[in-house]
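Content type mmCIF, C-alpha atoms, from the file run-v4.cif:
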data_structure
#
loop_
_atom_site.label_atom_id
_atom_site.label_comp_id
_atom_site.auth_asym_id
_atom_site.auth_seq_id
_atom_site.Cartn_x
_atom_site.Cartn_y
_atom_site.Cartn_z
CA MET K 161 -30.92 -7.76 -24.52
CA HIS K 162 -27.37 -9.12 -24.37
CA PRO K 163 -24.75 -7.35 -22.26
CA LYS K 164 -22.77 -4.88 -24.32
CA HIS K 165 -19.53 -6.84 -24.15
CA LEU K 166 -21.18 -9.87 -25.78
CA GLN K 167 -21.83 -7.85 -28.92
CA HIS K 168 -18.11 -7.71 -29.76
CA SER K 169 -16.02 -10.29 -31.57
CA PRO K 170 -13.09 -11.92 -29.71
CA ASP K 171 -10.64 -9.69 -31.58
CA GLN K 172 -12.64 -6.58 -30.70
CA LEU K 173 -12.79 -7.65 -27.06
CA ALA K 174 -9.03 -8.15 -27.01
CA ALA K 175 -8.52 -4.68 -28.48
CA LEU K 176 -10.88 -3.11 -25.93
CA THR K 177 -9.14 -4.92 -23.09
CA ALA K 178 -5.73 -3.72 -24.26
CA GLU K 179 -7.05 -0.18 -24.61
CA HIS K 180 -8.47 -0.14 -21.09
CA ARG K 181 -5.32 -1.70 -19.66
CA HIS K 182 -3.36 1.11 -21.30
CA THR K 183 -5.76 3.66 -19.78
CA LEU K 184 -5.35 2.18 -16.31
CA GLY K 185 -1.60 2.28 -16.73
CA GLN K 186 -1.78 5.95 -17.73
CA ARG K 187 -3.85 6.72 -14.65
CA ALA K 188 -1.30 5.01 -12.41
CA GLY K 189 1.41 6.97 -14.21
CA THR K 190 -0.41 10.23 -13.51
CA ALA K 191 -0.63 9.35 -9.82
CA ALA K 192 3.08 8.46 -9.72
CA HIS K 193 4.05 11.72 -11.42
CA SER K 194 1.73 13.74 -9.18
CA VAL K 195 3.06 12.38 -5.88
CA THR K 196 6.72 12.74 -6.81
CA ARG K 197 6.14 16.18 -8.38
CA LEU K 198 4.12 17.65 -5.50
CA PHE K 199 5.59 15.90 -2.47
CA GLY K 200 9.07 14.75 -3.50
CA HIS K 201 12.15 16.52 -2.15
CA ARG K 202 15.79 15.87 -1.34
CA VAL K 203 16.81 15.24 2.25
CA ALA K 204 18.71 18.32 3.46
CA GLY K 205 19.46 19.06 -0.20
CA VAL K 206 21.64 15.93 -0.54
CA PRO K 207 21.79 14.68 -4.17
CA GLY K 208 20.61 11.14 -4.74
CA THR K 209 18.03 11.24 -1.95
CA LEU K 210 14.26 11.47 -2.17
CA LEU K 211 11.46 11.58 0.38
CA GLY K 212 7.84 12.68 0.36
CA ARG K 213 6.74 15.76 2.29
CA THR K 214 4.03 15.07 4.83
CA LEU K 215 1.67 17.69 3.40
CA HIS K 216 1.01 19.60 0.20
CA PRO K 217 1.06 22.50 0.37
CA ASP K 218 3.05 22.59 3.59
CA THR K 219 3.01 26.09 5.05
CA ARG K 220 4.19 25.10 8.53
CA ARG K 221 7.34 26.48 10.11
CA ARG K 222 10.52 24.58 9.33
CA SER K 223 10.89 23.55 12.98
CA GLN K 224 7.46 21.87 12.86
CA ARG K 225 8.33 20.03 9.69
CA ARG K 226 11.65 18.82 11.06
CA GLY K 227 10.03 17.31 14.13
CA GLU K 228 7.68 15.11 12.11
CA TRP K 229 8.88 11.82 10.69
CA HIS K 230 6.61 9.20 9.10
CA TYR K 231 9.05 6.38 8.41
CA TRP K 232 6.42 3.90 7.26
CA TRP K 233 4.83 6.34 4.79
CA GLN K 234 8.20 6.55 3.07
CA ALA K 235 8.45 2.76 2.98
CA HIS K 236 5.21 2.73 1.00
CA LEU K 237 6.47 5.51 -1.26
CA LEU K 238 9.37 3.18 -2.06
CA ASP K 239 7.01 0.24 -2.63
CA ASN K 240 4.84 2.35 -4.96
CA LEU K 241 7.85 3.31 -7.05
CA VAL K 242 8.63 -0.39 -7.39
CA ASP K 243 5.03 -0.93 -8.55
CA ALA K 244 5.55 1.76 -11.17
CA GLY K 245 8.78 0.18 -12.34
CA PHE K 246 7.26 -3.26 -12.83
CA ARG K 247 4.27 -1.72 -14.63
CA GLN K 248 6.55 0.19 -16.97
CA LEU K 249 8.45 -2.98 -17.85
CA THR K 250 5.23 -4.39 -19.33
CA THR K 251 4.83 -1.48 -21.77
CA PRO K 252 6.49 -0.99 -25.17
CA ASP K 253 9.77 0.89 -24.76
CA GLY K 254 9.22 1.02 -20.99
CA GLN K 255 12.76 -0.01 -20.03
CA GLY K 256 13.96 3.58 -19.69
CA GLN K 257 10.95 4.55 -17.59
CA ALA K 258 11.48 1.54 -15.34
CA GLN K 259 15.12 2.52 -14.92
CA ALA K 260 13.99 6.01 -13.82
CA SER K 261 11.58 4.53 -11.27
CA LEU K 262 14.36 2.27 -10.01
CA ARG K 263 16.62 5.31 -9.51
CA GLN K 264 13.87 7.09 -7.58
CA ALA K 265 13.24 4.03 -5.41
CA ARG K 266 16.94 3.81 -4.59
CA ALA K 267 16.91 7.51 -3.73
CA VAL K 268 14.05 6.94 -1.29
CA LEU K 269 15.95 4.15 0.44
CA ARG K 270 18.97 6.45 0.81
CA GLY K 271 16.64 9.24 1.96
CA ILE K 272 15.11 7.06 4.67
CA GLN K 273 18.54 6.12 5.98
CA LEU K 274 19.75 9.72 6.02
CA ARG K 275 16.58 11.15 7.58
CA ASN K 276 16.56 8.32 10.13
CA LEU K 277 19.99 9.42 11.40
CA GLY K 278 22.05 7.00 9.34
CA THR K 279 20.17 3.81 10.16
CA TYR K 280 17.16 1.81 9.01
CA ILE K 281 16.32 0.82 12.58
CA ASN K 282 13.64 2.43 14.70
CA ASN K 283 11.42 1.59 17.66
CA TYR K 284 8.52 0.08 15.72
CA TYR K 285 8.63 -3.40 14.26
CA ASP K 286 5.71 -2.79 11.92
CA ASP K 287 7.54 0.19 10.37
CA MET K 288 10.59 -1.96 9.77
CA ALA K 289 8.49 -4.79 8.35
CA TRP K 290 7.04 -2.49 5.68
CA LEU K 291 10.51 -1.30 4.70
CA THR K 292 11.79 -4.88 4.62
CA LEU K 293 9.04 -5.83 2.17
CA ALA K 294 9.79 -2.78 0.01
CA CYS K 295 13.53 -3.56 -0.02
CA GLU K 296 12.90 -7.14 -1.13
CA ARG K 297 10.79 -5.86 -4.02
CA LEU K 298 13.35 -3.16 -4.87
CA ASN K 299 15.95 -5.89 -5.18
CA ARG K 300 13.64 -7.81 -7.53
CA LEU K 301 13.06 -4.72 -9.66
CA ALA K 302 16.81 -4.13 -9.96
CA LEU K 303 17.21 -7.75 -11.06
CA ALA K 304 14.47 -7.33 -13.69
CA VAL K 305 15.80 -4.01 -15.02
CA GLU K 306 19.56 -4.45 -14.73
CA GLY K 307 20.08 -8.19 -14.45
CA SER K 308 21.51 -8.06 -10.93
CA GLY K 309 20.17 -7.30 -7.48
CA ASP K 310 20.60 -4.09 -5.51
CA ALA K 311 23.37 -4.22 -2.92
CA PHE K 312 21.96 -1.38 -0.81
CA ALA K 313 18.51 -2.98 -0.68
CA GLN K 314 20.08 -6.32 0.26
CA ASP K 315 22.12 -4.69 3.01
CA ALA K 316 19.12 -2.82 4.40
CA ALA K 317 16.97 -5.95 4.35
CA GLY K 318 19.70 -7.97 6.06
CA ARG K 319 19.81 -5.52 8.95
CA LEU K 320 16.04 -5.24 9.13
CA TYR K 321 15.48 -9.00 9.19
CA GLN K 322 17.54 -9.14 12.38
CA GLU K 323 15.13 -6.68 13.97
CA LEU K 324 12.07 -8.57 12.76
CA THR K 325 13.46 -11.78 14.22
CA ALA K 326 13.87 -10.04 17.59
CA ALA K 327 10.21 -8.96 17.47
CA CYS K 328 9.02 -12.59 17.45
CA THR K 329 9.15 -14.11 20.92
CA PRO K 330 7.47 -17.06 22.68
CA GLU K 331 5.58 -14.84 25.15
CA VAL K 332 1.81 -15.54 25.06
CA GLY K 333 2.38 -18.33 22.59
CA GLY K 334 4.13 -16.43 19.81
CA GLY K 335 3.33 -13.52 17.51
CA ALA K 336 5.33 -10.34 17.04
CA PHE K 337 5.60 -7.29 19.23
CA TRP K 338 4.53 -3.97 17.75
CA SER K 339 7.32 -1.92 19.34
CA LYS K 340 10.39 -2.25 21.49
CA ASP K 341 8.26 -1.39 24.51
CA ARG K 342 7.19 -5.05 24.22
CA ASP K 343 3.72 -4.62 25.68
CA PHE K 344 1.56 -5.13 22.58
CA LYS K 345 1.50 -7.93 20.00
CA ASN K 346 -0.63 -7.13 17.01
CA THR K 347 -1.66 -7.83 13.44
CA PRO K 348 0.04 -4.71 11.98
CA ALA K 349 3.41 -6.16 12.98
CA THR K 350 2.83 -9.91 12.90
CA ALA K 351 1.22 -10.08 9.43
CA PRO K 352 3.85 -8.17 7.41
CA ILE K 353 6.62 -9.94 9.33
CA ALA K 354 5.04 -13.28 8.39
CA LEU K 355 4.97 -12.13 4.76
CA ALA K 356 8.60 -10.98 4.96
CA PHE K 357 9.65 -14.36 6.39
CA ALA K 358 7.72 -16.21 3.69
CA ARG K 359 9.46 -14.19 0.98
CA ALA K 360 12.82 -14.96 2.63
CA HIS K 361 12.02 -18.73 2.54
CA ARG K 362 11.70 -18.82 6.35
CA TYR K 363 8.51 -20.79 5.96
CA ASP K 364 8.27 -22.42 9.40
CA GLU K 365 8.48 -19.02 11.09
CA ALA K 366 5.88 -17.57 8.74
CA VAL K 367 3.55 -20.49 9.42
CA ALA K 368 3.98 -20.09 13.18
CA LEU K 369 3.13 -16.38 13.02
CA LEU K 370 0.03 -16.97 10.90
CA ASN K 371 -1.15 -19.76 13.22
CA TRP K 372 -0.73 -17.46 16.22
CA LEU K 373 -2.66 -14.69 14.48
CA HIS K 374 -5.49 -17.06 13.63
CA ALA K 375 -5.65 -18.42 17.17
CA HIS K 376 -5.55 -15.07 18.96
CA LEU K 377 -6.85 -12.35 16.65
CA PHE K 378 -9.13 -13.90 14.03
CA ASP K 379 -12.80 -13.08 14.61
CA ALA K 380 -14.49 -16.07 12.99
CA GLU K 381 -17.94 -14.51 13.20
CA ARG K 382 -16.89 -11.52 11.13
CA GLY K 383 -14.19 -13.28 9.13
CA LEU K 384 -11.59 -10.60 9.91
CA TYR K 385 -8.47 -10.04 11.98
CA LEU K 386 -8.64 -7.83 15.06
CA ASP K 387 -5.93 -5.33 15.91
CA GLY K 388 -3.90 -6.80 18.77
CA VAL K 389 -3.44 -7.96 22.34
CA LYS K 390 -1.91 -6.11 25.27
CA VAL K 391 0.78 -8.08 27.06
CA ALA K 392 1.94 -7.71 30.65
CA GLY K 393 5.02 -9.36 32.10
CA ARG K 394 8.03 -11.05 30.57
CA GLY K 395 8.99 -14.59 29.69
CA SER K 396 6.87 -17.36 31.18
CA ARG K 397 5.03 -14.82 33.34
CA ALA K 398 3.75 -12.84 30.36
CA GLU K 399 -0.01 -12.82 29.88
CA ILE K 400 -2.61 -11.22 27.66
CA THR K 401 -4.46 -8.55 29.62
CA SER K 402 -6.88 -7.34 26.93
CA VAL K 403 -7.75 -7.54 23.27
CA GLU K 404 -7.85 -4.48 21.04
CA GLY K 405 -10.80 -5.28 18.82
CA GLY K 406 -10.51 -2.58 16.16
CA LEU K 407 -11.14 -3.63 12.56
CA TYR K 408 -8.88 -1.96 9.99
CA THR K 409 -8.60 -2.55 6.27
CA TYR K 410 -4.81 -2.75 6.21
CA ASN K 411 -4.63 -5.51 8.82
CA GLN K 412 -6.29 -7.93 6.43
CA GLY K 413 -4.00 -7.24 3.45
CA PRO K 414 -0.64 -8.65 4.54
CA VAL K 415 -2.36 -11.68 6.06
CA LEU K 416 -3.68 -12.47 2.59
CA GLY K 417 -0.25 -11.79 1.12
CA ALA K 418 1.47 -14.13 3.56
CA TYR K 419 -0.90 -17.02 2.83
CA LEU K 420 -0.42 -16.46 -0.91
CA ALA K 421 3.37 -16.45 -0.52
CA LEU K 422 3.20 -19.81 1.25
CA LEU K 423 0.90 -21.16 -1.44
CA ASP K 424 3.39 -20.03 -4.10
CA ALA K 425 6.19 -21.86 -2.31
CA GLY K 426 4.15 -25.00 -1.63
CA ALA K 427 5.00 -24.43 2.04
CA VAL K 428 1.56 -24.83 3.63
CA LYS K 429 2.43 -27.76 5.88
CA GLY K 430 1.68 -26.94 9.51
CA LEU K 431 -0.92 -24.25 8.82
CA THR K 432 -4.01 -24.63 10.98
CA VAL K 433 -6.29 -23.55 8.10
CA ASP K 434 -6.55 -24.37 4.44
CA PRO K 435 -5.06 -21.22 2.89
CA ALA K 436 -7.33 -21.03 -0.17
CA GLU K 437 -10.47 -21.56 1.90
CA HIS K 438 -9.32 -19.09 4.54
CA ILE K 439 -8.55 -16.41 1.94
CA ALA K 440 -12.11 -16.81 0.62
CA GLU K 441 -13.41 -16.48 4.19
CA VAL K 442 -11.42 -13.30 4.84
CA LEU K 443 -12.41 -11.83 1.48
CA ALA K 444 -16.07 -12.34 2.38
CA GLY K 445 -15.43 -10.57 5.69
CA ILE K 446 -13.70 -7.70 3.91
CA ASP K 447 -16.67 -7.26 1.60
CA ARG K 448 -19.17 -7.31 4.50
CA GLU K 449 -17.27 -4.93 6.78
CA PHE K 450 -15.50 -2.60 4.39
CA GLY K 451 -17.45 -2.90 1.14
CA ARG K 452 -19.79 -0.11 0.08
CA ASP K 453 -22.37 0.15 -2.69
CA PHE K 454 -21.75 3.17 -4.87
CA GLU K 455 -23.45 4.55 -7.95
CA ALA K 456 -21.18 6.01 -10.62
CA GLU K 457 -22.10 9.22 -12.42
CA ASP K 458 -23.49 7.23 -15.34
CA GLY K 459 -25.68 5.21 -12.99
CA THR K 460 -23.47 2.10 -12.96
CA PRO K 461 -23.69 0.29 -9.58
CA LEU K 462 -20.30 -0.45 -8.06
CA ARG K 463 -19.08 -2.31 -5.00
CA LEU K 464 -15.97 -0.63 -3.62
CA LEU K 465 -13.92 -0.44 -0.44
CA ARG K 466 -14.34 2.42 2.01
CA THR K 467 -11.34 4.42 3.10
CA GLN K 468 -10.30 5.12 6.70
CA GLY K 469 -9.53 8.83 6.90
CA GLY K 470 -6.27 10.77 6.76
CA GLY K 471 -3.00 10.57 8.67
CA ASP K 472 -1.87 6.97 9.08
CA GLY K 473 -5.41 5.86 8.19
CA GLY K 474 -4.90 7.39 4.78
CA LEU K 475 -2.77 4.37 3.82
CA PHE K 476 -4.98 1.62 5.23
CA THR K 477 -7.26 0.79 2.31
CA GLY K 478 -4.50 1.19 -0.25
CA ILE K 479 -2.49 -1.50 1.54
CA LEU K 480 -5.47 -3.84 1.50
CA VAL K 481 -6.01 -3.24 -2.22
CA ARG K 482 -2.35 -4.00 -2.94
CA TYR K 483 -2.85 -7.52 -1.63
CA LEU K 484 -6.34 -7.94 -3.07
CA ALA K 485 -4.65 -7.50 -6.45
CA GLU K 486 -2.55 -10.57 -5.62
CA VAL K 487 -5.71 -12.47 -4.71
CA ALA K 488 -7.29 -11.39 -8.00
CA THR K 489 -4.46 -12.85 -10.06
CA HIS K 490 -3.53 -15.99 -8.10
CA PRO K 491 -4.15 -19.26 -10.00
CA ALA K 492 -4.55 -21.37 -6.84
CA LEU K 493 -7.77 -19.57 -5.91
CA SER K 494 -11.22 -20.15 -7.32
CA GLN K 495 -12.50 -18.05 -10.20
CA GLY K 496 -15.22 -16.62 -7.95
CA VAL K 497 -12.73 -15.45 -5.32
CA ARG K 498 -10.41 -13.97 -7.92
CA GLU K 499 -13.25 -12.12 -9.63
CA GLN K 500 -14.65 -10.74 -6.37
CA ALA K 501 -11.23 -9.35 -5.44
CA ARG K 502 -10.72 -8.00 -8.96
CA GLN K 503 -14.01 -6.13 -8.96
CA LEU K 504 -13.29 -4.53 -5.57
CA VAL K 505 -9.90 -3.36 -6.85
CA LEU K 506 -11.20 -1.99 -10.15
CA ALA K 507 -14.27 -0.27 -8.66
CA THR K 508 -12.25 1.41 -5.92
CA ALA K 509 -9.70 2.62 -8.48
CA GLU K 510 -12.42 3.88 -10.82
CA VAL K 511 -14.05 6.00 -8.11
CA PHE K 512 -10.72 7.34 -6.86
CA TRP K 513 -9.96 8.47 -10.40
CA ALA K 514 -13.38 10.06 -10.89
CA GLY K 515 -13.00 12.03 -7.64
CA ARG K 516 -9.64 13.62 -8.46
CA ARG K 517 -8.75 17.28 -9.01
CA GLU K 518 -6.30 18.03 -11.84
CA PHE K 519 -4.31 21.22 -12.22
CA ASP K 520 -1.15 22.65 -13.72
CA PRO K 521 1.43 23.13 -10.94
CA ASP K 522 3.46 25.53 -13.08
CA LEU K 523 0.57 27.88 -13.85
CA PRO K 524 1.39 31.44 -12.63
CA MET K 525 -1.59 31.83 -10.31
CA ASN K 526 -0.53 35.34 -9.25
CA GLU K 527 -1.06 36.71 -12.75
CA LEU K 528 -4.29 38.47 -13.63
CA GLY K 529 -6.75 36.57 -15.78
CA ILE K 530 -5.35 33.11 -15.05
CA ASN K 531 -7.93 30.33 -15.15
CA PRO K 532 -6.96 27.86 -12.40
CA ASN K 533 -8.55 25.04 -14.41
CA GLU K 534 -6.28 25.65 -17.40
CA ILE K 535 -3.66 23.02 -18.21
CA ARG K 536 -0.67 24.32 -20.17
CA GLY K 537 1.96 21.74 -19.33
CA GLU K 538 1.75 18.31 -17.67
CA ALA K 539 -1.15 18.08 -15.26
CA VAL K 540 -0.92 16.69 -11.75
CA ALA K 541 -3.77 15.20 -9.78
CA LEU K 542 -4.82 15.23 -6.15
CA PHE K 543 -7.07 12.46 -4.91
CA SER K 544 -9.75 12.52 -2.29
CA PRO K 545 -9.02 11.12 1.19
CA ASP K 546 -12.59 9.74 1.09
CA VAL K 547 -13.08 7.54 -1.95
CA THR K 548 -16.86 8.02 -1.92
CA ARG K 549 -16.64 11.83 -2.12
CA HIS K 550 -15.06 14.06 -4.76
CA ILE K 551 -12.00 15.89 -3.47
CA SER K 552 -13.80 19.23 -3.95
CA GLU K 553 -16.29 18.10 -1.30
CA VAL K 554 -13.55 17.19 1.13
CA LEU K 555 -10.79 19.74 0.55
CA LYS K 556 -10.90 23.28 -0.76
CA PRO K 557 -8.22 24.32 -3.29
CA ALA K 558 -4.89 25.04 -1.54
CA GLN K 559 -6.03 23.21 1.62
CA PRO K 560 -3.26 20.79 2.70
CA VAL K 561 -3.59 17.13 1.82
CA ASP K 562 -1.71 14.27 3.51
CA LEU K 563 0.95 12.35 1.60
CA SER K 564 -0.56 9.13 2.98
CA THR K 565 -3.86 9.65 1.15
CA GLN K 566 -2.11 10.31 -2.14
CA LEU K 567 0.09 7.25 -1.76
CA GLN K 568 -3.09 5.28 -1.12
CA ALA K 569 -4.77 6.41 -4.34
CA TRP K 570 -1.57 5.74 -6.29
CA MET K 571 -1.37 2.26 -4.74
CA VAL K 572 -4.95 1.51 -5.75
CA LEU K 573 -4.42 2.74 -9.32
CA GLU K 574 -1.28 0.60 -9.69
CA ALA K 575 -3.23 -2.40 -8.38
CA ALA K 576 -5.98 -1.79 -10.94
CA ALA K 577 -3.41 -1.72 -13.75
CA ARG K 578 -2.13 -5.11 -12.60
CA VAL K 579 -5.45 -6.92 -12.43
CA PHE K 580 -7.18 -5.79 -15.63
#
Just dump the structure as structure tokens.
Amino acid sequence: MHPKHLQHSPDQLAALTAEHRHTLGQRAGTAAHSVTRLFGHRVAGVPGTLLGRTLHPDTRRRSQRRGEWHYWWQAHLLDNLVDAGFRQLTTPDGQGQAQASLRQARAVLRGIQLRNLGTYINNYYDDMAWLTLACERLNRLALAVEGSGDAFAQDAAGRLYQELTAACTPEVGGGAFWSKDRDFKNTPATAPIALAFARAHRYDEAVALLNWLHAHLFDAERGLYLDGVKVAGRGSRAEITSVEGGLYTYNQGPVLGAYLALLDAGAVKGLTVDPAEHIAEVLAGIDREFGRDFEAEDGTPLRLLRTQGGGDGGLFTGILVRYLAEVATHPALSQGVREQARQLVLATAEVFWAGRREFDPDLPMNELGINPNEIRGEAVALFSPDVTRHISEVLKPAQPVDLSTQLQAWMVLEAAARVF
């Protein structure tokens, strides 16, 4: 028996592909609407600002909420809105929707500055690297939508690049410090900084950071990057005292992104590895360490990526999938590598979608006879923190869910819409 897709004519296949691409775009749109609808709020009521609440629902005292600040979650909220804007530009009559996403992204950037006491600077270089990457993409979205870049994004990135430069020092041979305590150099800082430098055409610095990462934190046996090294001392007396050997999904993503950015620029001179071969090596490691076999409800076998919990870990796999989508669509890579990355992205997105809970946020739940499963207006969705389990198995209705986990699912759904 031939596979089902071989029974269709080329025109029918094209129509089916377009239909499914539209469906994936709708799913990403639902995730975007859900996160902004359930978590979005102004900063201190100031118009033109937008941030995501840490939890939904958040029943904590105001003093508890004020004391909690997840700068890097907001940077990814901004990046997701940019994803949405670029997706909308590919749809018929999507210009207005893209303009709305651009306005929201700008509001997040203003919100971060206001909530961060009037500055984009903080103590953690990895936080600032994520915001730098988001600002660069915000500027590109403004250029695509309006024909000119975004002055606020350019200003923020200019200030942040100064901080990222200060993170990169010659101690222990190079790399980037994680924080201003300057006692830990790690992949979570070094990889996104390398990507940020590559995007800013600072190719020699990006190459140096990637070479340092490969020399100090690449586990060749497993094909993956370890977390970091502890550093004692300053200047020529600095030395590595220990290696933190944790394996995390998100550490692999920006490494892939940085190599791809250098490939795009033709700026691979000086790298200690062949970038295309190394990406294939890391992808194999990702599949071995983080891949999981999963059977869909209809019995279809899938190979997806496991998630890494809530809190900060709630973003980890989403970040990896963002960059796997770039692998899946990059012409310099082999068809086998692209297809392996594509299937991981699509399967993970499919299972996230299947495990969601949808509801009507405007339904008057305090009224007698209300069916909580009824949808009267526009539904919102909550996604499971554990991709392999339906959200009803993980969280009871009205139990708080972390913003990070919802950003992650949104990120994955946007990635799926890009690769199909």
note - CA of Asp424 (chain K) and CA of Val487 (chain K) are separated by 11.8 Å
Next on the checklist: Is it possible to get the residues within 12 Å of (-5.4, 4.9, 8.5) (coordinates as in the file, counting only C-alpha atoms) written as a PyMOL selection string?
Outcome noted: chain K and resi 232-233+348+406-411+466-480+545-546+562-565+567-568
Where does the PyMOL selection byres ((chain K and resi 447) around 10) land in this file, that is, which residues does it pick, as JSON, numbers by chain?
-> {"K": [383, 442, 443, 444, 445, 446, 448, 449, 450, 451, 452, 463, 464, 465, 466, 500, 501, 504]}
Practice item. Tell me which protein, DNA and RNA residues are within 12 Å of Ala304 (chain K), counting only C-alpha atoms, leaving out same-chain ones fewer than 4 positions away, and put them as a ChimeraX atom specification. Key: /K:242,245-250,255,258-259,262,297-300,308-310
Inset, instruction - Within 8 Å of region 206-215 of chain K, counting all atoms listed in the file, which residues show up once you throw out same-chain ones fewer than 5 positions away? Write them as a VMD selection string, please. - result: chain K and resid 195 to 196 199 to 201 230 234 237 264 266 to 272 560 to 564
Exercise. Could you work out how far CA of Arg498 (chain K) lies from CA of Leu423 (chain K), giving the answer in Å with one decimal?
Worked result: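 One can read the CA of Leu423 (chain K) to CA of Arg498 (chain K) distance as 14.9 Å.
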Residues picked by the PyMOL selection byres ((chain K and resi 357-369) around 9) here, as a ChimeraX atom specification? /K:293,296,321,324,328,334-336,350-356,370-374,418-419,421-422,425,427-432
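For the file shown, the residue list from the PyMOL selection byres ((chain K and resi 505-518) around 7) reads K:Leu462, K:Arg463, K:Leu464, K:Leu465, K:Val481, K:Leu484, K:Ala485, K:Ala501, K:Arg502, K:Gln503, K:Leu504, K:Phe519, K:Ala539, K:Val540, K:Ala541, K:Leu542, K:Phe543, K:Ser544, K:Val547, K:Arg549, K:His550, K:Ile551, K:Ala569, K:Val572, K:Leu573, K:Ala575, K:Ala576.
Comparing the minimum interatomic distances between Ala577 (chain K) and each of K:Ala326, K:Ala244, K:Leu274, K:Ala204, counting only C-alpha atoms, we find that K:Ala244 sits nearest.
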* In Å, with one decimal, what is the gap from CA of Val305 (chain K) to CA of Glu179 (chain K)? ->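 Straight-line distance from CA of Val305 (chain K) to CA of Glu179 (chain K) works out to 25.1 Å.
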